[in-house]
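Visitor: This one is final-v6.csv, CSV, C-alpha atoms and all ligand atoms.
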```
chain,number,residue,atom,x,y,z
A,511,MET,CA,6.8,-24.3,59.9
A,512,SER,CA,7.2,-20.9,58.2
A,513,ASP,CA,6.3,-20.4,54.6
A,514,ARG,CA,9.9,-19.8,53.8
A,515,LYS,CA,10.8,-23.4,54.5
A,516,LYS,CA,7.8,-24.7,52.5
A,517,PRO,CA,9.5,-24.8,49.1
A,518,LEU,CA,11.5,-27.8,50.2
A,519,GLY,CA,8.4,-29.9,50.0
A,520,PHE,CA,6.5,-27.9,47.3
A,521,LYS,CA,6.8,-28.2,43.6
A,522,SER,CA,5.5,-25.6,41.3
A,523,ILE,CA,3.4,-26.7,38.3
A,524,GLU,CA,6.4,-25.7,36.0
A,525,THR,CA,8.8,-27.8,38.1
A,526,LYS,CA,6.4,-30.8,37.9
A,527,HIS,CA,6.0,-30.3,34.1
A,528,GLU,CA,9.7,-30.1,33.7
A,529,GLU,CA,10.3,-33.2,35.7
A,530,GLU,CA,7.7,-35.2,33.7
A,531,ARG,CA,9.4,-33.9,30.5
A,532,VAL,CA,12.8,-35.0,31.7
A,533,SER,CA,11.6,-38.4,32.8
A,534,LEU,CA,9.8,-38.9,29.4
A,535,ILE,CA,13.0,-38.0,27.5
A,536,GLN,CA,15.1,-40.3,29.7
A,537,GLY,CA,12.6,-43.0,29.2
A,538,LEU,CA,12.8,-42.5,25.4
A,539,HIS,CA,16.6,-42.9,25.5
A,540,ASN,CA,17.6,-46.3,24.1
A,541,LEU,CA,14.0,-47.3,23.8
A,542,ASP,CA,13.5,-51.0,23.7
A,543,ARG,CA,10.2,-52.9,23.8
A,544,ARG,CA,10.1,-53.1,27.6
A,545,SER,CA,11.0,-49.5,28.3
A,546,PHE,CA,8.6,-48.4,25.5
A,547,LEU,CA,5.8,-50.1,27.4
A,548,LYS,CA,7.0,-48.6,30.7
A,549,VAL,CA,7.1,-45.1,29.1
A,550,SER,CA,3.7,-45.5,27.6
A,551,ALA,CA,2.3,-46.6,31.0
A,552,ALA,CA,3.9,-43.6,32.7
A,553,ALA,CA,2.4,-41.3,30.1
A,554,LEU,CA,-1.0,-42.8,30.6
A,555,GLY,CA,-0.6,-42.5,34.3
A,556,ALA,CA,0.4,-38.8,34.0
A,557,ALA,CA,-2.6,-38.2,31.7
A,558,ALA,CA,-5.0,-39.9,34.1
A,559,GLY,CA,-3.6,-37.8,36.9
A,560,LEU,CA,-4.5,-34.7,35.0
A,561,GLY,CA,-8.0,-35.9,34.5
A,562,VAL,CA,-7.4,-36.6,30.9
A,563,THR,CA,-8.9,-39.7,29.3
A,564,PRO,CA,-6.2,-41.6,27.5
A,565,HIS,CA,-7.2,-42.8,24.1
A,566,SER,CA,-6.0,-45.8,22.0
A,567,PHE,CA,-4.0,-45.7,18.8
A,568,GLN,CA,-6.3,-48.0,17.0
A,569,PRO,CA,-7.9,-46.7,13.8
A,570,VAL,CA,-10.8,-44.4,14.5
A,571,ASN,CA,-13.8,-45.5,12.5
A,572,VAL,CA,-16.3,-44.1,15.0
A,573,ALA,CA,-18.9,-41.7,13.8
A,574,TRP,CA,-18.5,-38.5,15.7
A,575,ALA,CA,-21.5,-36.7,14.2
A,576,GLN,CA,-24.2,-35.9,16.7
A,577,ALA,CA,-27.8,-36.6,15.8
A,578,GLY,CA,-30.2,-33.8,16.4
A,579,PRO,CA,-34.0,-33.9,16.7
A,580,GLY,CA,-35.5,-36.3,14.3
A,581,GLY,CA,-32.2,-37.9,13.7
A,582,ALA,CA,-30.9,-35.0,11.6
A,583,VAL,CA,-27.1,-34.5,11.9
A,584,LYS,CA,-26.3,-31.4,13.9
A,585,ARG,CA,-23.9,-29.3,11.8
A,586,GLU,CA,-21.8,-26.8,13.6
A,587,GLN,CA,-18.3,-25.4,13.1
A,588,PHE,CA,-15.4,-27.1,14.9
A,589,ARG,CA,-11.7,-26.8,15.1
A,590,PHE,CA,-9.0,-29.4,14.8
A,591,ALA,CA,-5.3,-29.0,15.4
A,592,TYR,CA,-2.5,-30.5,13.2
A,593,ILE,CA,1.0,-31.6,13.8
A,594,SER,CA,3.0,-33.0,10.9
A,595,ASP,CA,6.3,-34.3,9.5
A,596,SER,CA,8.4,-34.8,12.7
A,597,HIS,CA,11.0,-37.0,10.9
A,598,LEU,CA,12.2,-38.5,14.2
A,599,TYR,CA,15.6,-40.2,14.3
A,600,GLU,CA,16.6,-42.5,17.1
A,601,ARG,CA,17.4,-40.2,20.1
A,602,SER,CA,21.0,-41.3,20.2
A,603,LEU,CA,21.4,-39.8,16.7
A,604,ASN,CA,19.3,-36.6,17.0
A,605,ASP,CA,17.0,-35.3,19.7
A,606,ARG,CA,16.3,-31.9,18.1
A,607,PHE,CA,13.4,-33.2,16.1
A,608,LEU,CA,12.1,-35.1,19.2
A,609,ASN,CA,12.0,-31.9,21.2
A,610,ALA,CA,10.2,-30.1,18.3
A,611,LEU,CA,7.5,-32.8,18.3
A,612,MET,CA,7.1,-32.4,22.1
A,613,ARG,CA,6.8,-28.7,21.6
A,614,ALA,CA,4.0,-29.2,19.1
A,615,VAL,CA,2.2,-31.6,21.5
A,616,ASP,CA,2.5,-28.9,24.2
A,617,ASP,CA,1.1,-26.3,21.8
A,618,VAL,CA,-2.1,-28.3,21.0
A,619,ASN,CA,-2.5,-29.4,24.6
A,620,ALA,CA,-2.6,-25.7,25.6
A,621,MET,CA,-5.4,-24.9,23.2
A,622,ASP,CA,-8.5,-23.6,25.1
A,623,PRO,CA,-11.0,-24.8,24.2
A,624,GLN,CA,-9.5,-28.1,23.1
A,625,PRO,CA,-9.8,-29.0,19.4
A,626,ASP,CA,-12.2,-31.7,18.5
A,627,PHE,CA,-9.3,-33.8,17.4
A,628,VAL,CA,-5.6,-33.6,16.6
A,629,PHE,CA,-4.4,-34.8,13.2
A,630,PHE,CA,-0.9,-36.0,12.6
A,631,GLY,CA,0.0,-35.6,8.9
A,632,GLY,CA,2.6,-38.3,8.3
A,633,ASP,CA,6.4,-38.8,8.3
A,634,LEU,CA,6.5,-39.4,12.0
A,635,ALA,CA,9.8,-41.3,11.5
A,636,GLN,CA,12.8,-40.4,9.3
A,637,LEU,CA,13.9,-43.9,8.2
A,638,GLY,CA,10.9,-46.1,9.1
A,639,ARG,CA,12.7,-47.9,12.0
A,640,ALA,CA,10.7,-49.5,14.8
A,641,LYS,CA,12.4,-47.4,17.4
A,642,GLU,CA,11.6,-44.1,15.6
A,643,LEU,CA,8.0,-45.0,15.2
A,644,GLU,CA,7.7,-46.2,18.8
A,645,THR,CA,9.3,-43.0,20.1
A,646,GLY,CA,6.8,-41.0,18.0
A,647,ALA,CA,3.9,-43.0,19.3
A,648,ALA,CA,5.0,-42.6,22.9
A,649,ILE,CA,5.2,-38.8,22.4
A,650,LEU,CA,1.9,-38.5,20.6
A,651,LYS,CA,0.2,-40.5,23.3
A,652,ASN,CA,0.5,-37.3,25.4
A,653,VAL,CA,-1.9,-35.5,23.1
A,654,LYS,CA,-5.1,-34.8,25.2
A,655,ALA,CA,-7.6,-34.6,22.3
A,656,PRO,CA,-8.6,-37.6,20.2
A,657,LEU,CA,-5.7,-38.3,17.8
A,658,LYS,CA,-5.9,-39.3,14.1
A,659,VAL,CA,-2.7,-40.4,12.4
A,660,MET,CA,-1.8,-40.5,8.7
A,661,VAL,CA,1.1,-42.3,7.1
A,662,GLY,CA,3.9,-40.7,5.2
A,663,GLU,CA,6.6,-42.4,3.0
A,664,HIS,CA,9.3,-42.1,5.7
A,665,ASP,CA,7.1,-44.3,7.9
A,666,TRP,CA,6.5,-47.0,5.4
A,667,TYR,CA,9.3,-48.2,3.2
A,668,PHE,CA,11.7,-49.9,5.6
A,669,ASP,CA,9.2,-52.7,6.5
A,670,MET,CA,6.4,-51.8,4.1
A,671,GLY,CA,4.2,-50.4,6.9
A,672,GLU,CA,4.4,-53.4,9.3
A,673,LYS,CA,5.4,-51.4,12.3
A,674,TRP,CA,3.3,-48.4,11.5
A,675,LYS,CA,0.2,-50.5,11.1
A,676,SER,CA,0.8,-52.3,14.4
A,677,LEU,CA,0.8,-48.9,16.1
A,678,PHE,CA,-1.8,-47.0,14.3
A,679,GLY,CA,-4.0,-49.5,12.3
A,680,ALA,CA,-5.1,-49.3,8.7
A,681,PRO,CA,-3.6,-46.5,6.6
A,682,GLN,CA,-6.9,-45.5,5.0
A,683,TYR,CA,-10.0,-44.8,7.1
A,684,SER,CA,-12.8,-42.3,7.4
A,685,PHE,CA,-14.7,-40.7,10.2
A,686,ASP,CA,-17.4,-38.1,10.7
A,687,ASN,CA,-17.2,-35.0,12.9
A,688,LYS,CA,-20.2,-32.7,13.4
A,689,GLY,CA,-21.7,-33.6,10.0
A,690,VAL,CA,-18.4,-33.3,8.1
A,691,HIS,CA,-17.2,-36.4,6.4
A,692,CYS,CA,-13.4,-36.8,6.8
A,693,VAL,CA,-11.4,-39.3,4.7
A,694,VAL,CA,-7.7,-40.2,5.4
A,695,LEU,CA,-5.8,-41.6,2.4
A,696,ASN,CA,-2.5,-43.4,1.9
A,697,SER,CA,-1.2,-41.4,-1.0
A,698,VAL,CA,2.4,-42.6,-0.9
A,699,VAL,CA,2.0,-45.8,-2.8
A,700,GLU,CA,5.0,-46.5,-5.1
A,701,LYS,CA,5.5,-49.0,-7.8
A,702,ASP,CA,8.0,-51.8,-7.0
A,703,PHE,CA,11.4,-50.4,-7.9
A,704,TRP,CA,13.3,-52.5,-5.4
A,705,THR,CA,12.7,-56.2,-6.2
A,706,GLU,CA,14.4,-56.2,-9.6
A,707,ARG,CA,17.3,-54.1,-8.2
A,708,LYS,CA,17.6,-56.5,-5.2
A,709,LEU,CA,17.5,-53.6,-2.8
A,710,THR,CA,17.7,-54.3,1.0
A,711,PRO,CA,15.0,-52.7,3.2
A,712,GLU,CA,17.6,-50.0,4.2
A,713,GLN,CA,18.3,-49.3,0.6
A,714,ARG,CA,14.6,-49.2,-0.3
A,715,MET,CA,13.9,-46.8,2.5
A,716,GLY,CA,17.0,-44.7,1.8
A,717,THR,CA,15.9,-44.4,-1.9
A,718,VAL,CA,12.4,-43.2,-1.0
A,719,ALA,CA,13.8,-40.8,1.6
A,720,GLY,CA,16.0,-39.2,-1.1
A,721,LEU,CA,13.3,-37.4,-3.0
A,722,ASP,CA,15.2,-36.4,-6.1
A,723,ASN,CA,17.2,-39.6,-6.9
A,724,GLY,CA,15.1,-40.5,-10.0
A,725,VAL,CA,15.0,-44.2,-9.1
A,726,GLN,CA,11.8,-44.4,-7.1
A,727,SER,CA,8.4,-44.1,-8.7
A,728,PRO,CA,6.1,-41.2,-8.1
A,729,PHE,CA,3.6,-41.4,-5.3
A,730,SER,CA,0.0,-42.4,-6.0
A,731,VAL,CA,-3.2,-43.4,-4.1
A,732,GLY,CA,-3.2,-46.4,-6.4
A,733,ASP,CA,-6.0,-48.6,-7.9
A,734,GLU,CA,-6.9,-50.2,-4.6
A,735,GLY,CA,-6.9,-46.9,-2.7
A,736,ARG,CA,-9.1,-45.2,-5.3
A,737,ARG,CA,-11.5,-48.1,-5.2
A,738,TRP,CA,-11.6,-47.8,-1.4
A,739,LEU,CA,-12.3,-44.0,-1.7
A,740,GLU,CA,-15.1,-44.6,-4.2
A,741,ASP,CA,-16.7,-47.2,-1.9
A,742,ASP,CA,-16.4,-44.9,1.1
A,743,LEU,CA,-18.1,-42.0,-0.8
A,744,LYS,CA,-20.8,-44.2,-2.4
A,745,GLY,CA,-24.3,-43.0,-1.6
A,746,ARG,CA,-23.2,-39.7,-0.2
A,747,GLY,CA,-24.9,-36.7,-1.8
A,748,ALA,CA,-23.2,-33.7,-3.5
A,749,ASP,CA,-24.0,-31.6,-0.4
A,750,THR,CA,-21.9,-33.8,1.9
A,751,PRO,CA,-19.2,-31.6,3.4
A,752,LEU,CA,-16.0,-33.3,2.7
A,753,ILE,CA,-12.5,-33.1,4.1
A,754,VAL,CA,-9.7,-35.3,2.7
A,755,PHE,CA,-6.3,-35.8,4.2
A,756,SER,CA,-3.4,-37.0,2.1
A,757,HIS,CA,0.3,-37.0,2.8
A,758,SER,CA,1.4,-35.9,-0.6
A,759,PRO,CA,-0.5,-33.0,-2.3
A,760,LEU,CA,-3.3,-34.4,-4.3
A,761,TYR,CA,-2.2,-32.5,-7.4
A,762,LYS,CA,1.0,-32.3,-9.5
A,763,LEU,CA,3.4,-29.6,-8.2
A,764,TYR,CA,7.0,-30.7,-8.9
A,765,ARG,CA,7.8,-34.2,-9.9
A,766,ASN,CA,11.6,-34.1,-9.3
A,767,TRP,CA,11.0,-33.8,-5.5
A,768,ASN,CA,7.9,-36.0,-5.5
A,769,PHE,CA,5.7,-33.0,-4.6
A,770,TRP,CA,3.3,-34.9,-6.7
A,771,THR,CA,0.6,-37.5,-6.8
A,772,ASP,CA,0.7,-39.4,-10.0
A,773,ASP,CA,-3.0,-40.3,-10.1
A,774,ALA,CA,-4.1,-36.9,-8.8
A,775,GLU,CA,-6.5,-36.2,-11.7
A,776,GLN,CA,-8.3,-39.6,-11.1
A,777,VAL,CA,-8.7,-38.8,-7.4
A,778,GLN,CA,-9.9,-35.3,-8.1
A,779,ALA,CA,-12.4,-36.8,-10.6
A,780,ILE,CA,-13.8,-39.0,-7.7
A,781,LEU,CA,-14.2,-35.8,-5.6
A,782,ARG,CA,-15.6,-33.6,-8.4
A,783,ARG,CA,-19.3,-34.3,-7.7
A,784,PHE,CA,-19.2,-32.8,-4.2
A,785,ASN,CA,-20.0,-29.1,-3.8
A,786,ASN,CA,-17.1,-28.3,-1.3
A,787,VAL,CA,-14.0,-30.4,-0.7
A,788,THR,CA,-11.0,-29.3,1.3
A,789,VAL,CA,-7.8,-31.3,1.1
A,790,PHE,CA,-5.1,-31.1,3.7
A,791,HIS,CA,-1.7,-32.5,3.0
A,792,GLY,CA,1.7,-32.9,4.7
A,793,HIS,CA,5.0,-33.7,2.9
A,794,THR,CA,5.8,-30.3,1.5
A,795,HIS,CA,6.8,-28.6,4.9
A,796,GLN,CA,5.7,-25.1,3.9
A,797,LEU,CA,2.8,-22.7,3.4
A,798,LEU,CA,1.1,-23.9,0.3
A,799,THR,CA,-2.4,-23.1,-1.0
A,800,ASN,CA,-4.2,-24.1,-4.1
A,801,ARG,CA,-7.7,-24.3,-5.6
A,802,ILE,CA,-8.6,-26.6,-8.4
A,803,GLY,CA,-12.2,-26.6,-9.4
A,804,ASN,CA,-14.3,-27.4,-6.4
A,805,ILE,CA,-11.3,-28.5,-4.3
A,806,ASN,CA,-9.3,-26.3,-1.9
A,807,PHE,CA,-5.8,-27.5,-0.9
A,808,HIS,CA,-3.8,-26.6,2.2
A,809,GLY,CA,-0.3,-27.8,3.1
A,810,PHE,CA,0.8,-28.5,6.7
A,811,LEU,CA,3.9,-27.1,8.4
A,812,SER,CA,6.5,-29.5,9.6
A,813,THR,CA,8.0,-29.6,13.1
A,814,ALA,CA,11.3,-30.8,11.7
A,815,TRP,CA,12.5,-28.4,8.9
A,816,PRO,CA,11.0,-26.2,6.2
A,817,TRP,CA,11.5,-27.2,2.5
A,818,PRO,CA,12.3,-24.4,0.1
A,819,TYR,CA,9.7,-23.8,-2.6
A,820,ALA,CA,9.9,-25.9,-5.7
A,821,PRO,CA,11.5,-24.1,-8.6
A,822,GLN,CA,8.3,-24.3,-10.7
A,823,GLY,CA,4.6,-24.9,-10.4
A,824,LEU,CA,3.9,-22.9,-7.2
A,825,PRO,CA,0.1,-22.5,-7.0
A,826,GLU,CA,-1.0,-18.9,-7.4
A,827,MET,CA,-3.0,-18.7,-4.2
A,828,THR,CA,0.1,-19.6,-2.1
A,829,ILE,CA,1.1,-16.9,0.5
A,830,GLN,CA,4.8,-17.5,0.4
A,831,MET,CA,6.9,-17.4,3.5
A,832,GLY,CA,10.3,-15.9,3.1
A,833,ARG,CA,13.2,-18.3,3.1
A,834,PRO,CA,13.7,-19.4,6.7
A,835,ASP,CA,16.8,-18.4,8.7
A,836,PRO,CA,19.2,-21.5,8.4
A,837,PHE,CA,20.8,-20.6,11.7
A,838,ASN,CA,17.5,-20.8,13.6
A,839,PRO,CA,16.3,-24.4,13.7
A,840,HIS,CA,12.7,-23.5,14.6
A,841,ASP,CA,12.2,-20.8,11.8
A,842,GLY,CA,9.7,-21.9,9.2
A,843,CYS,CA,8.6,-24.8,11.4
A,844,GLY,CA,5.4,-25.1,13.4
A,845,ASN,CA,2.0,-26.7,13.7
A,846,GLY,CA,-1.5,-25.2,13.4
A,847,SER,CA,-5.2,-25.6,13.4
A,848,ALA,CA,-8.2,-25.3,11.1
A,849,THR,CA,-11.7,-24.1,11.9
A,850,VAL,CA,-14.1,-26.2,9.8
A,851,TYR,CA,-17.4,-24.7,8.9
A,852,PRO,CA,-20.5,-26.8,8.3
A,853,ASP,CA,-20.0,-26.6,4.5
A,854,ALA,CA,-16.4,-27.9,4.8
A,855,LEU,CA,-14.8,-24.6,3.9
A,856,VAL,CA,-12.1,-23.7,6.5
A,857,ASP,CA,-10.1,-21.0,8.0
A,858,LYS,CA,-6.6,-22.5,8.2
A,859,VAL,CA,-4.0,-21.2,10.7
A,860,TYR,CA,-0.3,-21.7,10.2
A,861,ASN,CA,1.3,-21.4,13.6
A,862,LEU,CA,4.8,-20.5,12.6
A,863,TRP,CA,7.0,-20.8,15.7
A,864,ASN,CA,9.3,-17.9,15.0
A,865,ARG,CA,7.0,-15.7,12.9
A,866,ASN,CA,3.5,-14.3,13.1
A,867,PRO,CA,0.8,-16.9,12.5
A,868,VAL,CA,-0.8,-16.7,9.0
A,869,THR,CA,-4.5,-17.4,8.5
A,870,ILE,CA,-5.8,-18.4,5.1
A,871,THR,CA,-9.6,-17.7,5.3
A,872,ARG,CA,-12.4,-19.4,3.5
A,873,LYS,CA,-13.3,-16.0,2.0
A,874,TYR,CA,-9.8,-15.8,0.5
A,875,MET,CA,-10.3,-19.2,-1.1
A,876,THR,CA,-13.9,-18.7,-2.4
A,877,THR,CA,-13.0,-15.2,-3.9
A,878,LYS,CA,-9.9,-16.8,-5.6
A,879,GLY,CA,-7.6,-14.5,-3.6
A,880,GLN,CA,-9.5,-11.3,-4.3
A,881,ALA,CA,-10.6,-10.7,-0.7
A,882,ASP,CA,-9.2,-11.3,2.7
A,883,LYS,CA,-5.6,-11.6,1.4
A,884,PRO,CA,-3.4,-12.5,4.4
A,885,VAL,CA,-0.6,-10.2,5.4
A,886,VAL,CA,2.5,-11.5,3.7
A,887,PRO,CA,5.3,-12.3,6.2
A,888,THR,CA,7.9,-9.6,6.0
A,889,LEU,CA,10.7,-11.1,7.9
A,890,ARG,CA,14.1,-11.1,6.3
A,891,SER,CA,14.5,-13.8,3.6
A,892,TYR,CA,17.7,-15.8,3.7
B,1,FE,FE,8.1,-34.9,5.4
B,2,FE,FE,6.8,-37.1,3.1
```
Show me this structure written as structure tokens.
Guide:
Amino acid sequence: MSDRKKPLGFKSIETKHEEERVSLIQGLHNLDRRSFLKVSAAALGAAAGLGVTPHSFQPVNVAWAQAGPGGAVKREQFRFAYISDSHLYERSLNDRFLNALMRAVDDVNAMDPQPDFVFFGGDLAQLGRAKELETGAAILKNVKAPLKVMVGEHDWYFDMGEKWKSLFGAPQYSFDNKGVHCVVLNSVVEKDFWTERKLTPEQRMGTVAGLDNGVQSPFSVGDEGRRWLEDDLKGRGADTPLIVFSHSPLYKLYRNWNFWTDDAEQVQAILRRFNNVTVFHGHTHQLLTNRIGNINFHGFLSTAWPWPYAPQGLPEMTIQMGRPDPFNPHDGCGNGSATVYPDALVDKVYNLWNRNPVTITRKYMTTKGQADKPVVPTLRSY
């Protein structure tokens, strides 16, 4: 047989990838329990075929730090990737956000070398529905590196976290990676505004999803969450390098949009005795940088849409992106990565899909913005 006839039986890697993508999307269509399991099995099979070890969605409480000679923890820099705020609707309503999440999964799977882990920053679903969360879980299952997942308010307030917990486990947990202690918080705890008003689950979720309605209570880590955090940090010295993940920013930015954590000062007080703390948060869907005392704060980009900046309270260290082009659905969106140094200071990369990436370096943070100022994006502002 001549080579010319060969393409009939030959599939390029791009064709195979495209076929897998199409079958995944088809499998996600009208996802019910049975087809979800089928799609998950297919994804696992595809991962195994690529020599990738599939991992479970159970909470990761495993210590990743490696012990060196004499039992000392080996500290070395590492990188993790992040994806956040995908806000998935059911596919029959909207598949743009679904495609954006798959694009982010492709991005982090293409990283070479692979990151130590991939962190999902919350708001996987838009309205907390089981199908939205199952669809998100099926897509995230294709991430090659170990995956850690954090909860956002859009994942929680339809069934008070039942479905999310069944997929991902406890909403607060901690783990260690190369000597850095990483803590994942549930910072979207709200006071009960629904019982007295006799709200249905749909109404409760809809109220939380509308950030500026003035009915819901502000987010908090809450008494129980703060006790858990204190317990988790008990016995750890001031030199413990500490990374904290929270969905809402752990400071007070703009209350009307719930860009706010009501007990932020109390959480910051728990973290104050540590030399270096870096907090990563989702929820705000934009480039956002802050430093309060010993704590550096970095926001994550969203894969779904960028929020405009709040009308007041923007932290001074923020490198602002121009207002994204409303006619370009990917502008202002993206994912990214962080290089974590042994002291828990980080170089944070915003991988903006339609703009140049922006890196906020550890030097920029420690010099309070005097050195290493990133180039401000100069694209047109809309
Ligand atoms: Fe969000
Ligand atoms: Fe959120």
Visitor: Residues at most 8 Å from ligand FE 2 (chain B), using all atoms listed in the file? Could they come as a list in words?
Guide: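 My answer, listing the contacting residues, is Asp595, Gly632, Asp633, Gly662, Glu663, His664, His757, Ser758, Gly792, His793 and Thr794 of chain A.
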Visitor: If I take atom CA of Val618 of chain A and atom CA of Phe685 of chain A, how far is one from the other in Å, to one decimal?
Guide: 20.7 Å
Visitor: Expressed in Å to a single decimal, how great is the separation between atom CA of Gly832 of chain A and atom CA of Asp772 of chain A?
Guide: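 We find that atom CA of Gly832 of chain A and atom CA of Asp772 of chain A lie 28.6 Å from each other.
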Visitor: Any idea what the distance is between atom CA of Ala748 of chain A and atom CA of Gly732 of chain A?
Guide: 23.9 Å
Visitor: For each of A:Arg714, A:Lys701, A:His795, A:Arg707, take the minimum atom-to-atom distance to ligand FE 1 (chain B), counting all atoms listed in the file, then give the residue where this is smallest.
Guide: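 Ranked by minimum distance to ligand FE 1 (chain B), first place goes to A:His795.
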Visitor: Quick one: of A:Ser596, A:Asn723, A:Thr869, A:Gln830, who's nearest to Gln636 of chain A, counting only C-alpha atoms?
Guide: A:Ser596
Visitor: Between A:Ile870, A:Cys843, A:Val690, A:Leu677, which residue has the minimum interatomic distance to ligand FE 1 (chain B), considering all atoms listed in the file?
Guide: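 Distance minimum relative to ligand FE 1 (chain B) lands on A:Cys843.
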Visitor: Compile the contact shell of segment 797-802 of chain A as a PyMOL selection string: residues with an atom at most 6 Å away, counting all atoms listed in the file, same-chain residues fewer than 6 positions apart removed.
Guide: chain A and resi 808-809+825+827-828
Visitor: Restricting the calculation to all atoms listed in the file: of A:Pro836, A:Trp770, A:Ser847, A:Asp702, which residue gets closest to Pro625 of chain A?
Guide: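 Checking each of A:Pro836, A:Trp770, A:Ser847, A:Asp702 against Pro625 of chain A, counting all atoms listed in the file, the winner is A:Ser847.
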Visitor: Which is closer to ligand FE 1 (chain B) than all the others in A:Leu608, A:Leu643, A:Leu811, A:Val615, using only C-alpha atoms and all ligand atoms?
Guide: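 Residue with the minimum atom-to-atom distance to ligand FE 1 (chain B): A:Leu811.
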Visitor: Can you list, as a list in words, every protein, DNA or RNA residue that comes within 12 Å of Thr717 of chain A when you count only C-alpha atoms, leaving out same-chain residues fewer than 3 positions away?
Guide: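 Neighbouring residues, sequence-local ones excluded: Leu637, Glu663, His664, Tyr667, Phe668, Glu700, Asp702, Phe703, Trp704, Arg707, Leu709, Thr710, Pro711, Glu712, Gln713, Arg714, Gly720, Leu721, Asp722, Asn723, Gly724, Val725, Gln726 and Ser727 of chain A.
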Visitor: Kindly indicate which residue among A:Arg736, A:His791, A:Lys878, A:Arg639 lies nearest to ligand FE 1 (chain B), using only C-alpha atoms and all ligand atoms for the distances.
Guide: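 The answer is A:His791, which sits nearest to ligand FE 1 (chain B).
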Visitor: So which residues touch Asp773 of chain A within 10 Å, counting only C-alpha atoms, skipping near sequence neighbours fewer than 5 positions away, as a list in words?
Guide: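 Result of the neighbour search: Ser697, Pro728, Phe729, Ser730, Val731, Gly732, Asp733, Arg736, Leu760, Tyr761, Lys762 and Gln778 of chain A.
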Visitor: Please provide the set of residues having any atom within 7 Å of Val787 of chain A, restricted to all atoms listed in the file, with same-chain residues fewer than 2 positions apart removed, written as a PDB file with C-alpha atoms, in the coordinates of the input.
Guide:
```pdb
ATOM      1  CA  PRO A 751     -19.200 -31.600   3.400  1.00  0.00           C
ATOM      2  CA  LEU A 752     -16.000 -33.300   2.700  1.00  0.00           C
ATOM      3  CA  ILE A 753     -12.500 -33.100   4.100  1.00  0.00           C
ATOM      4  CA  PHE A 784     -19.200 -32.800  -4.200  1.00  0.00           C
ATOM      5  CA  ASN A 785     -20.000 -29.100  -3.800  1.00  0.00           C
ATOM      6  CA  VAL A 789      -7.800 -31.300   1.100  1.00  0.00           C
ATOM      7  CA  ASN A 804     -14.300 -27.400  -6.400  1.00  0.00           C
ATOM      8  CA  ILE A 805     -11.300 -28.500  -4.300  1.00  0.00           C
ATOM      9  CA  ASN A 806      -9.300 -26.300  -1.900  1.00  0.00           C
ATOM     10  CA  ALA A 854     -16.400 -27.900   4.800  1.00  0.00           C
TER      11      ALA A 854
END
```
Visitor: Need the shell around Met831 of chain A: protein/DNA/RNA residues with any atom at most 12 Å away, counting only C-alpha atoms. Skip same-chain ones fewer than 3 positions apart. Format as a PDB file with C-alpha atoms, keeping the file's coordinate frame?
Guide:
```pdb
ATOM      1  CA  HIS A 795       6.800 -28.600   4.900  1.00  0.00           C
ATOM      2  CA  GLN A 796       5.700 -25.100   3.900  1.00  0.00           C
ATOM      3  CA  LEU A 797       2.800 -22.700   3.400  1.00  0.00           C
ATOM      4  CA  LEU A 798       1.100 -23.900   0.300  1.00  0.00           C
ATOM      5  CA  THR A 799      -2.400 -23.100  -1.000  1.00  0.00           C
ATOM      6  CA  LEU A 811       3.900 -27.100   8.400  1.00  0.00           C
ATOM      7  CA  PRO A 816      11.000 -26.200   6.200  1.00  0.00           C
ATOM      8  CA  TRP A 817      11.500 -27.200   2.500  1.00  0.00           C
ATOM      9  CA  PRO A 818      12.300 -24.400   0.100  1.00  0.00           C
ATOM     10  CA  TYR A 819       9.700 -23.800  -2.600  1.00  0.00           C
ATOM     11  CA  THR A 828       0.100 -19.600  -2.100  1.00  0.00           C
ATOM     12  CA  PRO A 834      13.700 -19.400   6.700  1.00  0.00           C
ATOM     13  CA  ASP A 835      16.800 -18.400   8.700  1.00  0.00           C
ATOM     14  CA  ASP A 841      12.200 -20.800  11.800  1.00  0.00           C
ATOM     15  CA  GLY A 842       9.700 -21.900   9.200  1.00  0.00           C
ATOM     16  CA  CYS A 843       8.600 -24.800  11.400  1.00  0.00           C
ATOM     17  CA  TYR A 860      -0.300 -21.700  10.200  1.00  0.00           C
ATOM     18  CA  LEU A 862       4.800 -20.500  12.600  1.00  0.00           C
ATOM     19  CA  ASN A 864       9.300 -17.900  15.000  1.00  0.00           C
ATOM     20  CA  ARG A 865       7.000 -15.700  12.900  1.00  0.00           C
ATOM     21  CA  ASN A 866       3.500 -14.300  13.100  1.00  0.00           C
ATOM     22  CA  PRO A 867       0.800 -16.900  12.500  1.00  0.00           C
ATOM     23  CA  VAL A 868      -0.800 -16.700   9.000  1.00  0.00           C
ATOM     24  CA  PRO A 884      -3.400 -12.500   4.400  1.00  0.00           C
ATOM     25  CA  VAL A 885      -0.600 -10.200   5.400  1.00  0.00           C
ATOM     26  CA  VAL A 886       2.500 -11.500   3.700  1.00  0.00           C
ATOM     27  CA  PRO A 887       5.300 -12.300   6.200  1.00  0.00           C
ATOM     28  CA  THR A 888       7.900  -9.600   6.000  1.00  0.00           C
ATOM     29  CA  LEU A 889      10.700 -11.100   7.900  1.00  0.00           C
ATOM     30  CA  ARG A 890      14.100 -11.100   6.300  1.00  0.00           C
ATOM     31  CA  SER A 891      14.500 -13.800   3.600  1.00  0.00           C
ATOM     32  CA  TYR A 892      17.700 -15.800   3.700  1.00  0.00           C
TER      33      TYR A 892
END
```
